[in-house]
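Colleague: What follows is the file entry_16.txt, containing compact mmCIF, C-alpha atoms and all ligand atoms:
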```txt
# COMPACT_ATOMS: atom_id res chain seq x y z
CA MET A 8 61.67 51.11 -44.31
CA GLU A 9 61.93 47.42 -43.56
CA LYS A 10 65.43 46.02 -44.16
CA LEU A 11 65.91 42.41 -45.18
CA THR A 12 69.27 40.69 -45.13
CA GLY A 13 70.43 37.30 -46.26
CA GLY A 14 73.10 35.27 -47.94
CA CYS A 15 74.32 31.86 -49.00
CA GLN A 16 75.16 28.90 -46.78
CA CYS A 17 78.94 29.55 -46.63
CA GLY A 18 78.63 33.32 -46.23
CA ALA A 19 80.71 34.27 -49.30
CA VAL A 20 77.74 36.15 -50.74
CA ARG A 21 75.54 38.46 -48.69
CA TYR A 22 72.76 40.82 -49.68
CA GLU A 23 70.60 43.56 -48.28
CA ALA A 24 67.15 44.54 -49.55
CA ASN A 25 64.89 47.47 -48.83
CA GLY A 26 61.44 46.06 -48.17
CA PRO A 27 58.72 45.34 -48.29
CA PRO A 28 58.87 43.08 -51.36
CA VAL A 29 56.54 43.80 -54.30
CA PHE A 30 55.29 40.22 -54.14
CA ALA A 31 56.19 36.82 -52.73
CA ALA A 32 55.13 33.41 -53.99
CA HIS A 33 55.86 29.71 -54.05
CA CYS A 34 56.90 28.63 -57.56
CA GLN A 35 56.36 25.00 -58.55
CA CYS A 36 57.70 25.15 -62.12
CA VAL A 37 59.94 22.39 -63.41
CA ASP A 38 63.07 24.58 -63.48
CA CYS A 39 62.57 25.72 -59.87
CA LYS A 40 62.20 22.09 -58.84
CA ARG A 41 65.33 21.02 -60.72
CA SER A 42 67.46 23.92 -59.55
CA SER A 43 66.47 23.51 -55.91
CA GLY A 44 65.91 19.77 -55.66
CA ALA A 45 62.69 20.53 -53.78
CA GLY A 46 58.96 20.59 -54.53
CA HIS A 47 58.95 24.36 -54.93
CA VAL A 48 60.98 27.50 -54.44
CA THR A 49 59.71 30.44 -52.41
CA ALA A 50 60.79 33.81 -53.73
CA ALA A 51 60.20 37.48 -52.98
CA GLY A 52 60.40 40.12 -55.72
CA PHE A 53 62.12 43.50 -55.29
CA PRO A 54 63.03 46.31 -57.68
CA GLU A 55 66.66 45.76 -58.72
CA SER A 56 67.55 49.14 -57.17
CA ALA A 57 66.36 47.97 -53.74
CA VAL A 58 68.83 45.09 -53.51
CA THR A 59 72.60 45.22 -52.92
CA PHE A 60 74.83 42.15 -53.21
CA VAL A 61 78.24 41.78 -51.58
CA GLY A 62 80.34 38.98 -53.04
CA THR A 63 80.35 37.31 -56.43
CA THR A 64 77.58 35.09 -57.71
CA LYS A 65 77.53 32.76 -60.67
CA SER A 66 74.42 32.51 -62.83
CA TYR A 67 72.80 29.77 -64.83
CA VAL A 68 70.56 30.97 -67.65
CA SER A 69 67.80 28.78 -69.06
CA ARG A 70 64.81 29.30 -71.31
CA ALA A 71 61.44 29.04 -69.57
CA ASP A 72 58.31 27.53 -71.16
CA SER A 73 57.26 31.11 -71.93
CA GLY A 74 60.34 31.49 -74.15
CA ALA A 75 61.86 34.03 -71.78
CA ASN A 76 65.41 33.71 -70.49
CA VAL A 77 65.59 33.15 -66.76
CA SER A 78 68.83 33.65 -64.84
CA ARG A 79 69.36 31.90 -61.50
CA ALA A 80 72.19 33.28 -59.37
CA PHE A 81 74.00 31.10 -56.85
CA CYS A 82 77.16 31.10 -54.75
CA PRO A 83 80.00 29.48 -56.73
CA GLU A 84 81.49 28.24 -53.44
CA CYS A 85 78.59 26.48 -51.71
CA GLY A 86 75.99 26.40 -54.51
CA GLY A 87 73.36 28.14 -52.42
CA ARG A 88 70.69 29.74 -54.60
CA LEU A 89 70.20 33.44 -53.99
CA ALA A 90 68.35 35.25 -56.76
CA LEU A 91 66.35 34.90 -59.95
CA ARG A 92 65.90 37.36 -62.81
CA SER A 93 63.48 36.82 -65.68
CA GLU A 94 62.96 38.67 -68.98
CA THR A 95 59.22 38.56 -68.21
CA ILE A 96 59.72 40.85 -65.19
CA PRO A 97 62.41 43.34 -66.22
CA GLY A 98 63.95 45.46 -63.45
CA MET A 99 62.99 42.96 -60.78
CA VAL A 100 65.14 40.59 -58.77
CA LEU A 101 63.58 37.69 -56.90
CA LEU A 102 65.37 36.69 -53.73
CA MET A 103 65.13 33.07 -52.63
CA ALA A 104 63.20 33.24 -49.36
CA GLY A 105 65.20 30.47 -47.73
CA SER A 106 68.37 32.56 -48.10
CA LEU A 107 66.97 35.33 -45.91
CA ASP A 108 68.37 35.65 -42.41
CA ASP A 109 64.75 35.78 -41.24
CA ALA A 110 62.56 34.02 -43.80
CA ALA A 111 59.48 34.90 -41.72
CA GLN A 112 59.88 38.52 -42.92
CA ILE A 113 58.04 37.65 -46.13
CA THR A 114 54.53 36.29 -46.63
CA PRO A 115 53.87 34.23 -49.78
CA GLU A 116 50.64 35.40 -51.45
CA ALA A 117 50.14 32.53 -53.90
CA ALA A 118 51.44 29.23 -55.21
CA ILE A 119 52.18 29.57 -58.93
CA PHE A 120 52.67 26.93 -61.65
CA ASP A 121 50.13 24.87 -59.73
CA THR A 122 49.72 22.51 -62.71
CA ARG A 123 53.11 21.15 -61.56
CA HIS A 124 52.03 20.64 -57.95
CA VAL A 125 53.11 17.40 -56.30
CA ALA A 126 50.81 15.95 -53.65
CA TRP A 127 53.42 15.75 -50.90
CA ASP A 128 54.27 19.43 -51.19
CA TYR A 129 51.84 20.98 -48.73
CA PHE A 130 50.54 24.55 -48.80
CA ASP A 131 48.06 26.40 -46.60
CA PRO A 132 44.66 25.52 -48.20
CA ALA A 133 43.72 29.22 -47.95
CA LEU A 134 46.58 30.20 -50.27
CA PRO A 135 45.50 31.22 -53.80
CA ARG A 136 46.70 28.76 -56.46
CA VAL A 137 47.63 29.95 -59.94
CA PRO A 138 47.95 27.34 -62.74
CA GLY A 139 50.94 29.03 -64.44
CA MET A 140 52.43 32.51 -64.25
CA PRO A 141 50.28 35.04 -62.38
CA PRO A 142 48.38 37.50 -64.59
CA ARG A 143 50.38 40.64 -65.39
CA GLY A 144 49.67 44.07 -63.98
ZN ZN B 201 78.29 30.34 -50.39
ZN ZN B 202 59.68 28.54 -60.99
```
Show me this structure written as structure tokens.
Modeller:
Amino acid sequence: MEKLTGGCQCGAVRYEANGPPVFAAHCQCVDCKRSSGAGHVTAAGFPESAVTFVGTTKSYVSRADSGANVSRAFCPECGGRLALRSETIPGMVLLMAGSLDDAAQITPEAAIFDTRHVAWDYFDPALPRVPGMPPRG
């Protein structure tokens, strides 16, 4: 089974995940923009049981447009974003792809919340674009 490892910028928090991820996508929603300061966040979803964290994270919980609570975990020391959990996808943890030791281990399958796309944020034209959340199931 493919092992993925990663952590925050300062190294206080590390994680290990049993791959492959269930899905991976670029998210362009307003909260991902604000929390990252970038045009989008790239994340890979794993069952909670497949991911082990070492070190303590802090979480910021906000309410998404869908009404669901979304929790974004980060390192309290360096602020590096590590994980996201949403009520809409119970039992799943999304790891921030940029926090992986080898970000090339994942392959984004879509760009979601495409209604929030900004022109300077470039994606492969072949990549499927989803206006909001991807359809369930
Ligand atoms: Zn850190
Ligand atoms: Zn988002």
Colleague: Please return as a PyMOL selection string the residues found within 9 Å of ligand ZN 202 (chain B), counting all atoms listed in the file.
Modeller: chain A and resi 33-40+47-49+71+119-120+140
Colleague: Do a neighbour search on Pro97 (chain A) at 10 Å with only C-alpha atoms, toss out local chain neighbours closer than 5 positions, and write the hits as a list in words.
Modeller: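 Final neighbour list, sorted by chain and number: Pro54, Glu55 and Arg92 of chain A.
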Colleague: Could you tell me how far CA of Met103 (chain A) lies from CA of Leu91 (chain A), in Å and to one decimal?
Modeller: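 One can read the CA of Met103 (chain A) to CA of Leu91 (chain A) distance as 7.6 Å.
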Colleague: List as an MDAnalysis selection string the protein and nucleic acid residues lying within 12 Å of ligand ZN 201 (chain B), with all atoms listed in the file counted.
Modeller: chainID A and resid 13:22 61:65 80:89 106
Colleague: What does the distance between CA of Asn25 (chain A) and CA of Glu9 (chain A) come to in Å, to one decimal place?
Modeller: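 Computing the Euclidean distance for CA of Asn25 (chain A) and CA of Glu9 (chain A) yields 6.0 Å.
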Colleague: Do you have the CA of Gln112 (chain A)-CA of Pro27 (chain A) distance handy?
Modeller: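 Rounded to one decimal, the two atoms are 8.8 Å apart.
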Colleague: For Thr12 (chain A), which residue out of A:Ala75, A:Val29, A:Val58, A:Val137 is the nearest one, using all atoms listed in the file?
Modeller: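 Comparing A:Ala75, A:Val29, A:Val58, A:Val137 against Thr12 (chain A), the winner is A:Val58.
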Colleague: Ranking A:Val77, A:Ala57, A:Ala111, A:Ala126 by minimum distance to Thr95 (chain A) and counting all atoms listed in the file, which one comes first?
Modeller: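 With all atoms listed in the file as the atom set, the closest residue is A:Val77.
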Colleague: When distances are computed from all atoms listed in the file, which of A:Ser42, A:Ala90, A:Ser73, A:Ser78 shows the smallest separation from Leu102 (chain A)?
Modeller: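 Nearest candidate to Leu102 (chain A) out of A:Ser42, A:Ala90, A:Ser73, A:Ser78: A:Ala90.
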Colleague: Pick out the residues sitting within 12 Å of Phe30 (chain A), and hand them over as a ChimeraX atom specification; count only C-alpha atoms, and ignore anything fewer than 4 positions along from it in its own chain.
Modeller: /A:26,49-54,96,99-102,104,113-118,141,144
Colleague: Taking all atoms listed in the file into account, which of A:Gly139, A:Leu134, A:Arg79, A:Asp109 comes nearest Ser43 (chain A)?
Modeller: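 Answer, going by the shortest atom-to-atom distance: A:Arg79.
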Colleague: Looking at all atoms listed in the file, which of A:Lys10, A:Ala31, A:Tyr67, A:Trp127 is the one that sits closest to Ala45 (chain A)?
Modeller: A:Trp127
Colleague: Write out as JSON an axis-aligned box for region 21-39 of chain A: all of its atoms listed in the file, 4 Å added on each side, centre and edge lengths in Å with one decimal.
Modeller:
```
{"center_x": 65.3, "center_y": 34.9, "center_z": -55.8, "size_x": 28.4, "size_y": 33.1, "size_z": 23.3}
```
